[in-house]
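Source file: input_9.cif (mmCIF, C-alpha atoms and all ligand atoms)
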```cif
data_run
loop_
_atom_site.label_atom_id
_atom_site.label_comp_id
_atom_site.auth_asym_id
_atom_site.auth_seq_id
_atom_site.Cartn_x
_atom_site.Cartn_y
_atom_site.Cartn_z
CA MET A 211 -0.19 33.23 -10.31
CA SER A 212 1.66 31.03 -7.92
CA VAL A 213 4.56 32.58 -6.06
CA ARG A 214 6.26 29.20 -5.87
CA LYS A 215 9.42 29.62 -7.94
CA PRO A 216 10.68 26.14 -8.91
CA VAL A 217 14.01 24.91 -7.56
CA ILE A 218 15.95 22.65 -9.94
CA ALA A 219 18.72 21.05 -7.89
CA GLY A 220 21.46 18.55 -8.67
CA ASN A 221 22.78 16.36 -5.85
CA TRP A 222 26.22 15.13 -6.81
CA LYS A 223 26.43 12.78 -3.78
CA MET A 224 29.95 11.29 -3.45
CA HIS A 225 31.01 12.21 -6.99
CA MET A 226 33.27 14.85 -8.53
CA THR A 227 36.79 15.88 -7.62
CA CYS A 228 37.83 19.55 -7.86
CA VAL A 229 39.30 18.95 -11.33
CA GLN A 230 36.07 17.32 -12.51
CA THR A 231 34.04 20.16 -10.97
CA LYS A 232 35.93 22.76 -13.02
CA GLN A 233 35.51 20.73 -16.22
CA TYR A 234 31.83 20.25 -15.53
CA LEU A 235 31.16 23.94 -14.95
CA SER A 236 33.06 25.00 -18.05
CA GLN A 237 30.62 22.89 -20.07
CA PHE A 238 27.50 23.51 -18.00
CA LEU A 239 27.53 27.29 -17.49
CA PRO A 240 27.25 28.17 -21.22
CA LEU A 241 24.27 25.79 -21.49
CA ILE A 242 22.25 27.73 -18.90
CA GLN A 243 23.09 31.18 -20.15
CA SER A 244 19.66 31.76 -21.63
CA THR A 245 17.67 29.71 -19.13
CA SER A 246 14.62 31.61 -17.94
CA ASP A 247 15.02 33.20 -14.50
CA ASP A 248 11.60 31.87 -13.49
CA ARG A 249 13.48 29.00 -11.77
CA HIS A 250 16.32 28.57 -9.30
CA LEU A 251 19.29 26.44 -10.44
CA VAL A 252 21.21 24.74 -7.64
CA ILE A 253 23.98 22.15 -7.35
CA ALA A 254 25.13 20.32 -4.20
CA PRO A 255 28.75 19.23 -4.73
CA PRO A 256 30.66 17.21 -2.13
CA PHE A 257 32.19 19.34 0.67
CA THR A 258 35.70 19.03 -0.79
CA ALA A 259 34.62 20.66 -4.06
CA ILE A 260 32.54 23.50 -2.58
CA SER A 261 35.35 26.05 -2.62
CA THR A 262 36.37 25.22 -6.21
CA PHE A 263 32.74 25.27 -7.23
CA ALA A 264 32.13 28.68 -5.64
CA GLU A 265 35.13 30.18 -7.46
CA SER A 266 34.33 28.59 -10.83
CA ALA A 267 30.64 29.55 -10.73
CA LEU A 268 31.25 33.09 -9.48
CA GLY A 269 29.14 35.62 -11.37
CA SER A 270 26.79 32.93 -12.72
CA ARG A 271 23.21 32.38 -11.60
CA LEU A 272 23.99 28.92 -10.27
CA GLU A 273 23.42 28.60 -6.51
CA LEU A 274 25.31 26.34 -4.14
CA SER A 275 23.93 23.76 -1.77
CA SER A 276 25.70 21.55 0.75
CA GLN A 277 24.76 17.89 1.18
CA ASN A 278 24.41 18.23 4.95
CA VAL A 279 24.86 20.68 7.83
CA HIS A 280 25.42 20.23 11.56
CA TRP A 281 23.33 21.86 14.27
CA GLU A 282 26.29 23.29 16.20
CA ASP A 283 28.52 26.15 15.03
CA ASP A 284 31.67 24.29 16.09
CA GLY A 285 32.78 21.54 18.47
CA ALA A 286 33.98 17.96 18.74
CA PHE A 287 31.90 16.49 15.93
CA THR A 288 34.31 14.57 13.71
CA ALA A 289 33.25 14.41 10.04
CA GLU A 290 30.53 17.05 10.41
CA VAL A 291 30.36 20.51 8.79
CA SER A 292 29.04 23.61 10.51
CA PRO A 293 26.75 26.22 8.96
CA LEU A 294 29.43 28.89 9.47
CA MET A 295 31.85 26.90 7.31
CA LEU A 296 29.27 26.78 4.54
CA LEU A 297 28.41 30.47 4.70
CA GLU A 298 32.06 31.32 4.04
CA HIS A 299 31.58 29.86 0.54
CA ASP A 300 28.25 31.54 -0.22
CA VAL A 301 26.35 28.30 0.20
CA ARG A 302 22.60 29.05 0.14
CA TYR A 303 20.87 25.67 0.58
CA ALA A 304 21.59 22.58 2.69
CA ILE A 305 20.19 19.13 1.92
CA VAL A 306 19.17 17.36 5.12
CA GLY A 307 17.50 14.03 5.78
CA HIS A 308 18.41 12.45 2.47
CA SER A 309 17.46 8.77 2.42
CA GLU A 310 21.12 7.72 2.12
CA PRO A 311 22.25 9.14 5.50
CA ARG A 312 18.91 7.99 6.94
CA LYS A 313 19.71 4.45 5.75
CA TYR A 314 23.50 4.18 6.12
CA PHE A 315 24.01 6.36 9.19
CA SER A 316 20.64 5.93 10.89
CA GLU A 317 19.81 9.64 10.78
CA SER A 318 16.67 10.21 12.80
CA ASP A 319 13.86 12.70 12.21
CA GLU A 320 14.98 14.46 15.40
CA GLN A 321 18.54 14.93 14.11
CA ILE A 322 17.19 16.05 10.74
CA ASN A 323 15.00 18.58 12.51
CA ARG A 324 17.97 19.97 14.47
CA ARG A 325 19.98 20.30 11.24
CA ALA A 326 17.12 22.09 9.51
CA ILE A 327 16.58 24.47 12.45
CA SER A 328 20.30 25.32 12.50
CA ALA A 329 20.33 25.87 8.73
CA GLN A 330 17.45 28.35 8.95
CA ALA A 331 18.96 30.10 11.97
CA HIS A 332 22.00 30.86 9.82
CA GLY A 333 20.04 31.98 6.77
CA LEU A 334 20.48 28.74 4.82
CA ILE A 335 17.46 27.15 3.14
CA PRO A 336 17.13 23.51 4.17
CA ILE A 337 16.08 21.00 1.51
CA VAL A 338 14.46 18.38 3.72
CA CYS A 339 14.04 14.99 2.04
CA VAL A 340 11.21 12.61 2.84
CA GLY A 341 9.99 9.41 1.21
CA GLU A 342 8.88 5.84 1.73
CA THR A 343 10.59 2.51 0.99
CA ASP A 344 9.33 -0.09 -1.44
CA ASP A 345 7.96 -2.24 1.40
CA GLN A 346 6.17 0.66 3.03
CA ARG A 347 4.49 1.52 -0.27
CA GLU A 348 3.51 -2.11 -0.86
CA ARG A 349 1.88 -2.18 2.56
CA GLY A 350 0.01 1.04 1.72
CA GLU A 351 1.84 2.96 4.47
CA GLU A 352 3.38 5.72 2.37
CA GLU A 353 1.14 8.53 3.57
CA ARG A 354 1.59 7.63 7.24
CA VAL A 355 5.41 7.36 6.88
CA ILE A 356 5.81 10.63 4.98
CA ARG A 357 3.44 12.47 7.30
CA ARG A 358 5.50 11.38 10.31
CA GLN A 359 8.73 12.49 8.61
CA VAL A 360 7.14 15.83 7.79
CA GLU A 361 5.70 16.40 11.28
CA GLN A 362 8.85 15.42 13.16
CA GLY A 363 11.42 16.71 10.70
CA LEU A 364 9.79 20.10 10.24
CA GLU A 365 8.86 20.98 13.80
CA GLU A 366 9.46 24.71 14.40
CA ILE A 367 10.63 25.23 10.83
CA ASP A 368 9.53 28.32 8.89
CA PRO A 369 7.89 26.99 5.68
CA LYS A 370 8.70 30.23 3.84
CA ARG A 371 12.44 29.49 3.92
CA LEU A 372 12.22 25.78 3.24
CA VAL A 373 12.22 23.25 0.41
CA VAL A 374 10.78 19.76 0.92
CA ALA A 375 11.92 17.05 -1.49
CA TYR A 376 9.64 14.05 -1.93
CA GLU A 377 12.01 11.23 -2.86
CA PRO A 378 10.40 7.78 -2.86
CA ILE A 379 13.35 5.56 -1.93
CA TRP A 380 12.40 2.85 -4.43
CA ALA A 381 12.77 5.41 -7.26
CA ILE A 382 16.27 6.64 -6.29
CA GLY A 383 19.00 5.44 -8.63
CA THR A 384 16.81 2.58 -9.83
CA GLY A 385 15.52 3.99 -13.11
CA LYS A 386 12.00 3.48 -11.70
CA THR A 387 10.33 6.89 -11.71
CA CYS A 388 7.25 7.43 -9.65
CA GLU A 389 4.29 8.15 -11.95
CA ALA A 390 4.13 11.91 -12.34
CA SER A 391 0.49 11.97 -11.21
CA GLU A 392 1.33 10.00 -8.05
CA ALA A 393 4.34 12.21 -7.27
CA ASN A 394 2.03 15.19 -7.77
CA ARG A 395 -0.53 13.76 -5.35
CA ILE A 396 2.07 13.21 -2.60
CA CYS A 397 3.65 16.65 -3.13
CA GLY A 398 0.19 18.21 -2.76
CA LEU A 399 -0.43 16.23 0.44
CA ILE A 400 2.90 17.37 1.91
CA ARG A 401 1.98 21.00 1.24
CA LYS A 402 -1.39 20.41 2.90
CA TRP A 403 0.14 18.70 5.97
CA VAL A 404 2.62 21.54 6.44
CA ASP A 405 -0.35 23.88 5.97
CA ALA A 406 1.65 26.33 3.87
CA PRO A 407 0.23 27.05 0.39
CA ASP A 408 3.52 28.63 -0.77
CA LEU A 409 5.77 25.76 0.36
CA ILE A 410 8.18 24.60 -2.36
CA VAL A 411 7.90 20.81 -2.81
CA GLN A 412 10.28 19.03 -5.17
CA TYR A 413 10.18 15.53 -6.59
CA GLY A 414 13.32 13.35 -6.73
CA GLY A 415 14.00 9.84 -8.00
CA SER A 416 15.30 8.92 -11.47
CA VAL A 417 14.57 12.35 -12.93
CA LYS A 418 16.01 12.50 -16.46
CA PRO A 419 15.89 14.61 -19.63
CA GLY A 420 13.18 12.24 -20.89
CA ASN A 421 10.73 12.78 -18.01
CA ILE A 422 11.52 16.30 -16.75
CA ASP A 423 8.90 18.10 -18.86
CA GLU A 424 6.10 15.81 -17.72
CA ILE A 425 7.15 16.18 -14.07
CA MET A 426 7.47 19.97 -14.25
CA ASN A 427 4.03 20.25 -15.82
CA MET A 428 2.42 18.87 -12.67
CA SER A 429 0.49 21.42 -10.62
CA ASP A 430 1.94 20.55 -7.20
CA ILE A 431 5.58 19.83 -8.11
CA ASP A 432 7.85 22.86 -7.76
CA GLY A 433 11.16 21.48 -8.93
CA VAL A 434 13.32 18.40 -8.80
CA LEU A 435 16.25 16.96 -6.85
CA VAL A 436 18.38 15.08 -9.35
CA GLY A 437 21.11 12.54 -8.61
CA GLY A 438 22.63 10.55 -11.49
CA ALA A 439 21.44 12.78 -14.33
CA SER A 440 22.99 15.87 -12.71
CA LEU A 441 26.49 14.42 -13.15
CA ASP A 442 26.45 14.96 -16.89
CA PRO A 443 26.42 18.67 -17.84
CA GLU A 444 24.34 18.14 -20.97
CA SER A 445 21.67 16.07 -19.33
CA PHE A 446 21.43 18.40 -16.32
CA ALA A 447 21.27 21.39 -18.67
CA ARG A 448 18.31 19.78 -20.44
CA ILE A 449 16.66 19.32 -17.05
CA ALA A 450 17.44 22.94 -16.08
CA ASN A 451 15.89 24.05 -19.39
CA TYR A 452 12.65 22.11 -18.87
CA LYS A 453 9.69 23.35 -20.84
CA ARG A 454 6.32 24.17 -19.38
CA LYS A 455 3.21 23.93 -21.54
P1 LIG B 501 18.66 9.70 -8.84
O1 LIG B 501 18.25 10.90 -9.65
O2 LIG B 501 20.01 9.17 -9.22
O3 LIG B 501 17.58 8.66 -8.80
O4 LIG B 501 18.84 10.22 -7.31
C1 LIG B 501 17.85 10.96 -6.71
C2 LIG B 501 18.36 11.52 -5.46
O5 LIG B 501 18.62 10.81 -4.51
C3 LIG B 501 18.59 12.97 -5.39
O6 LIG B 501 18.85 13.40 -4.10
#
```
Take the structure in the file and give it back as structure tokens.
Amino acid sequence: MSVRKPVIAGNWKMHMTCVQTKQYLSQFLPLIQSTSDDRHLVIAPPFTAISTFAESALGSRLELSSQNVHWEDDGAFTAEVSPLMLLEHDVRYAIVGHSEPRKYFSESDEQINRRAISAQAHGLIPIVCVGETDDQRERGEEERVIRRQVEQGLEEIDPKRLVVAYEPIWAIGTGKTCEASEANRICGLIRKWVDAPDLIVQYGGSVKPGNIDEIMNMSDIDGVLVGGASLDPESFARIANYKRK
């Protein structure tokens, strides 16, 4: 039996006010009441909704993630959030290296690595995202690109307190899902490159109620990182309640 307990995570990105967060949780929490505890259920709200989220989800099995974390505990870093600020709200995971900050804010693998190291040093579990662009895949460079992101982004990171999310950029928000077998192949390669048989590797990119069961039945995929479909409580509940054959 594998010890890799799947992590089903919703990434709300820049969506959801505090009012919307409360409404969402009042619908979502009843829908996961009988979900098997063989999986972790996680949501990453925007920073402004973290406190409301923590209060509204108190006593439930839902775990909190941030969408980023800085490598310093405090200092002159406008717009950044420190791990200490997250711990105050019982945040357990921190997404780092998502393709959006990589693309829009030129996040480098070195910065991502510093964020991940800081997260682990404070007891947070980093969810480190990797993945290739459309062009890189067309040129057949996906393995080289992802391997570099893994090697540089995960330097000195303990794989036992880590989640890696394989998110092919061309599949994010496009409705184009990576074939489950191909996502499975890349997730297996990532685990091999990190050289950690128990490493949790998620898939992300247009995950929906209609494809979750197929994805979660793959041998090397240990969960999903869901954008758009996590914004609707019913569709995310269906994803959380995926069925394994
Ligand atoms: P979508 O599920 O909207 O494609 O987004 C995936 C993602 O970026 C999750 O982090």
From (16.5, 32.8, -16.2), in the file's coordinates, out to 12 Å: which residues are reached, counting all atoms listed in the file? Answer as an mmCIF file with C-alpha atoms, keeping the file's coordinate frame.
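Generated output (point-v3.cif):
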```
data_model
loop_
_atom_site.group_PDB
_atom_site.id
_atom_site.type_symbol
_atom_site.label_atom_id
_atom_site.label_comp_id
_atom_site.auth_asym_id
_atom_site.auth_seq_id
_atom_site.Cartn_x
_atom_site.Cartn_y
_atom_site.Cartn_z
ATOM 1 C CA LYS A 215 9.420 29.620 -7.940
ATOM 2 C CA PRO A 216 10.680 26.140 -8.910
ATOM 3 C CA VAL A 217 14.010 24.910 -7.560
ATOM 4 C CA ILE A 218 15.950 22.650 -9.940
ATOM 5 C CA LEU A 241 24.270 25.790 -21.490
ATOM 6 C CA ILE A 242 22.250 27.730 -18.900
ATOM 7 C CA GLN A 243 23.090 31.180 -20.150
ATOM 8 C CA SER A 244 19.660 31.760 -21.630
ATOM 9 C CA THR A 245 17.670 29.710 -19.130
ATOM 10 C CA SER A 246 14.620 31.610 -17.940
ATOM 11 C CA ASP A 247 15.020 33.200 -14.500
ATOM 12 C CA ASP A 248 11.600 31.870 -13.490
ATOM 13 C CA ARG A 249 13.480 29.000 -11.770
ATOM 14 C CA HIS A 250 16.320 28.570 -9.300
ATOM 15 C CA LEU A 251 19.290 26.440 -10.440
ATOM 16 C CA SER A 270 26.790 32.930 -12.720
ATOM 17 C CA ARG A 271 23.210 32.380 -11.600
ATOM 18 C CA LEU A 272 23.990 28.920 -10.270
ATOM 19 C CA ALA A 450 17.440 22.940 -16.080
ATOM 20 C CA ASN A 451 15.890 24.050 -19.390
ATOM 21 C CA TYR A 452 12.650 22.110 -18.870
#
```
How far is it from CA of Tyr303 (chain A) to CA of His332 (chain A), in Å with one decimal?
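Computing it gives 10.7 Å between the two atoms.
Of the residues listed (A:Pro369, A:Gly363, A:Pro240, A:Gly350), A:Gly363 shows the shortest atom-to-atom separation from His308 (chain A); distances use all atoms listed in the file.
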Counting all atoms listed in the file, what residues are within 9 Å of ligand LIG 501 (chain B), given as a VMD selection string?
chain A and resid 219 to 223 305 308 to 310 339 375 377 to 387 413 to 418 434 to 440
What's around region 396-403 of chain A at 10 Å? Count all atoms listed in the file, leave out sequence neighbours fewer than 6 positions away in its own chain, and write the answer as a PyMOL selection string.
chain A and resi 340-341+352-353+356-357+360-361+369+374-378+409-413+428-432
Selection above as a file: C-alpha atoms, as a CSV table (one decimal), keeping the file's coordinate frame:
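The result, written out as part.csv:
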```
chain,number,residue,atom,x,y,z
A,340,VAL,CA,11.2,12.6,2.8
A,341,GLY,CA,10.0,9.4,1.2
A,352,GLU,CA,3.4,5.7,2.4
A,353,GLU,CA,1.1,8.5,3.6
A,356,ILE,CA,5.8,10.6,5.0
A,357,ARG,CA,3.4,12.5,7.3
A,360,VAL,CA,7.1,15.8,7.8
A,361,GLU,CA,5.7,16.4,11.3
A,369,PRO,CA,7.9,27.0,5.7
A,374,VAL,CA,10.8,19.8,0.9
A,375,ALA,CA,11.9,17.0,-1.5
A,376,TYR,CA,9.6,14.0,-1.9
A,377,GLU,CA,12.0,11.2,-2.9
A,378,PRO,CA,10.4,7.8,-2.9
A,409,LEU,CA,5.8,25.8,0.4
A,410,ILE,CA,8.2,24.6,-2.4
A,411,VAL,CA,7.9,20.8,-2.8
A,412,GLN,CA,10.3,19.0,-5.2
A,413,TYR,CA,10.2,15.5,-6.6
A,428,MET,CA,2.4,18.9,-12.7
A,429,SER,CA,0.5,21.4,-10.6
A,430,ASP,CA,1.9,20.6,-7.2
A,431,ILE,CA,5.6,19.8,-8.1
A,432,ASP,CA,7.8,22.9,-7.8
```
Could you list, as a PyMOL selection string, every residue within 7 Å of Val306 (chain A), counting only C-alpha atoms and ignoring same-chain residues fewer than 5 positions away?
chain A and resi 277-278+322+325-326+336-339
So, counting all atoms listed in the file, which residue among A:Gln330, A:Ser292, A:Gln237, A:Ser445 is closest to Val279 (chain A)?
A:Ser292
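Across A:Asp300, A:Glu392, A:Ile425, A:Lys370, the tightest approach to Thr262 (chain A) is made by A:Asp300 when counting only C-alpha atoms.
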Go ahead and compute the interatomic distance for CA of Asp442 (chain A) and CA of Gly269 (chain A), in Å to one decimal.
21.6 Å
Can you patch up region 329-340 of chain A, filling it in to all heavy atoms, and show the result as a JSON list (two decimals), in the coordinates of the input?
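Okay, this is what ended up in result_0.json:
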```json
[["chain", "number", "residue", "atom", "x", "y", "z"],
["A", 329, "ALA", "N", 20.17, 25.29, 10.07],
["A", 329, "ALA", "CA", 20.33, 25.87, 8.73],
["A", 329, "ALA", "C", 19.54, 27.18, 8.65],
["A", 329, "ALA", "O", 20.08, 28.22, 8.28],
["A", 329, "ALA", "CB", 19.84, 24.88, 7.66],
["A", 330, "GLN", "N", 18.28, 27.13, 9.05],
["A", 330, "GLN", "CA", 17.45, 28.35, 8.95],
["A", 330, "GLN", "C", 17.97, 29.46, 9.86],
["A", 330, "GLN", "O", 17.97, 30.63, 9.49],
["A", 330, "GLN", "CB", 15.99, 28.03, 9.31],
["A", 330, "GLN", "CG", 15.25, 27.34, 8.19],
["A", 330, "GLN", "CD", 13.74, 27.41, 8.34],
["A", 330, "GLN", "OE1", 13.21, 27.59, 9.43],
["A", 330, "GLN", "NE2", 13.04, 27.24, 7.23],
["A", 331, "ALA", "N", 18.45, 29.09, 11.03],
["A", 331, "ALA", "CA", 18.96, 30.10, 11.97],
["A", 331, "ALA", "C", 20.14, 30.86, 11.38],
["A", 331, "ALA", "O", 20.42, 31.98, 11.76],
["A", 331, "ALA", "CB", 19.35, 29.44, 13.29],
["A", 332, "HIS", "N", 20.84, 30.22, 10.44],
["A", 332, "HIS", "CA", 22.00, 30.86, 9.82],
["A", 332, "HIS", "C", 21.69, 31.41, 8.43],
["A", 332, "HIS", "O", 22.59, 31.75, 7.68],
["A", 332, "HIS", "CB", 23.17, 29.87, 9.74],
["A", 332, "HIS", "CG", 23.77, 29.59, 11.08],
["A", 332, "HIS", "ND1", 23.28, 28.62, 11.92],
["A", 332, "HIS", "CD2", 24.80, 30.17, 11.74],
["A", 332, "HIS", "CE1", 23.99, 28.62, 13.03],
["A", 332, "HIS", "NE2", 24.91, 29.55, 12.96],
["A", 333, "GLY", "N", 20.42, 31.41, 8.06],
["A", 333, "GLY", "CA", 20.04, 31.98, 6.77],
["A", 333, "GLY", "C", 20.17, 31.02, 5.60],
["A", 333, "GLY", "O", 20.02, 31.42, 4.45],
["A", 334, "LEU", "N", 20.45, 29.74, 5.90],
["A", 334, "LEU", "CA", 20.48, 28.74, 4.82],
["A", 334, "LEU", "C", 19.06, 28.20, 4.62],
["A", 334, "LEU", "O", 18.26, 28.18, 5.56],
["A", 334, "LEU", "CB", 21.39, 27.57, 5.20],
["A", 334, "LEU", "CG", 22.88, 27.87, 5.35],
["A", 334, "LEU", "CD1", 23.58, 26.74, 6.11],
["A", 334, "LEU", "CD2", 23.52, 28.05, 3.98],
["A", 335, "ILE", "N", 18.77, 27.75, 3.40],
["A", 335, "ILE", "CA", 17.46, 27.15, 3.14],
["A", 335, "ILE", "C", 17.61, 25.63, 3.17],
["A", 335, "ILE", "O", 18.30, 25.06, 2.32],
["A", 335, "ILE", "CB", 16.92, 27.60, 1.76],
["A", 335, "ILE", "CG1", 16.76, 29.12, 1.74],
["A", 335, "ILE", "CG2", 15.61, 26.89, 1.42],
["A", 335, "ILE", "CD1", 16.40, 29.69, 0.39],
["A", 336, "PRO", "N", 17.01, 24.97, 4.16],
["A", 336, "PRO", "CA", 17.13, 23.51, 4.17],
["A", 336, "PRO", "C", 16.28, 22.86, 3.08],
["A", 336, "PRO", "O", 15.15, 23.30, 2.82],
["A", 336, "PRO", "CB", 16.64, 23.11, 5.57],
["A", 336, "PRO", "CG", 15.85, 24.26, 6.07],
["A", 336, "PRO", "CD", 16.27, 25.49, 5.32],
["A", 337, "ILE", "N", 16.85, 21.86, 2.44],
["A", 337, "ILE", "CA", 16.08, 21.00, 1.51],
["A", 337, "ILE", "C", 15.88, 19.69, 2.27],
["A", 337, "ILE", "O", 16.80, 18.89, 2.39],
["A", 337, "ILE", "CB", 16.84, 20.76, 0.19],
["A", 337, "ILE", "CG1", 17.16, 22.08, -0.52],
["A", 337, "ILE", "CG2", 16.05, 19.81, -0.72],
["A", 337, "ILE", "CD1", 17.97, 21.93, -1.83],
["A", 338, "VAL", "N", 14.71, 19.54, 2.85],
["A", 338, "VAL", "CA", 14.46, 18.38, 3.72],
["A", 338, "VAL", "C", 13.84, 17.26, 2.89],
["A", 338, "VAL", "O", 12.78, 17.45, 2.27],
["A", 338, "VAL", "CB", 13.53, 18.77, 4.89],
["A", 338, "VAL", "CG1", 13.26, 17.56, 5.78],
["A", 338, "VAL", "CG2", 14.14, 19.90, 5.72],
["A", 339, "CYS", "N", 14.51, 16.10, 2.88],
["A", 339, "CYS", "CA", 14.04, 14.99, 2.04],
["A", 339, "CYS", "C", 13.17, 14.03, 2.84],
["A", 339, "CYS", "O", 13.50, 13.70, 3.99],
["A", 339, "CYS", "CB", 15.23, 14.21, 1.48],
["A", 339, "CYS", "SG", 16.42, 15.22, 0.61],
["A", 340, "VAL", "N", 12.09, 13.60, 2.23],
["A", 340, "VAL", "CA", 11.21, 12.61, 2.84],
["A", 340, "VAL", "C", 10.84, 11.58, 1.77],
["A", 340, "VAL", "O", 10.97, 11.85, 0.57],
["A", 340, "VAL", "CB", 9.91, 13.26, 3.40],
["A", 340, "VAL", "CG1", 10.22, 14.27, 4.50],
["A", 340, "VAL", "CG2", 9.10, 13.95, 2.29]]
```
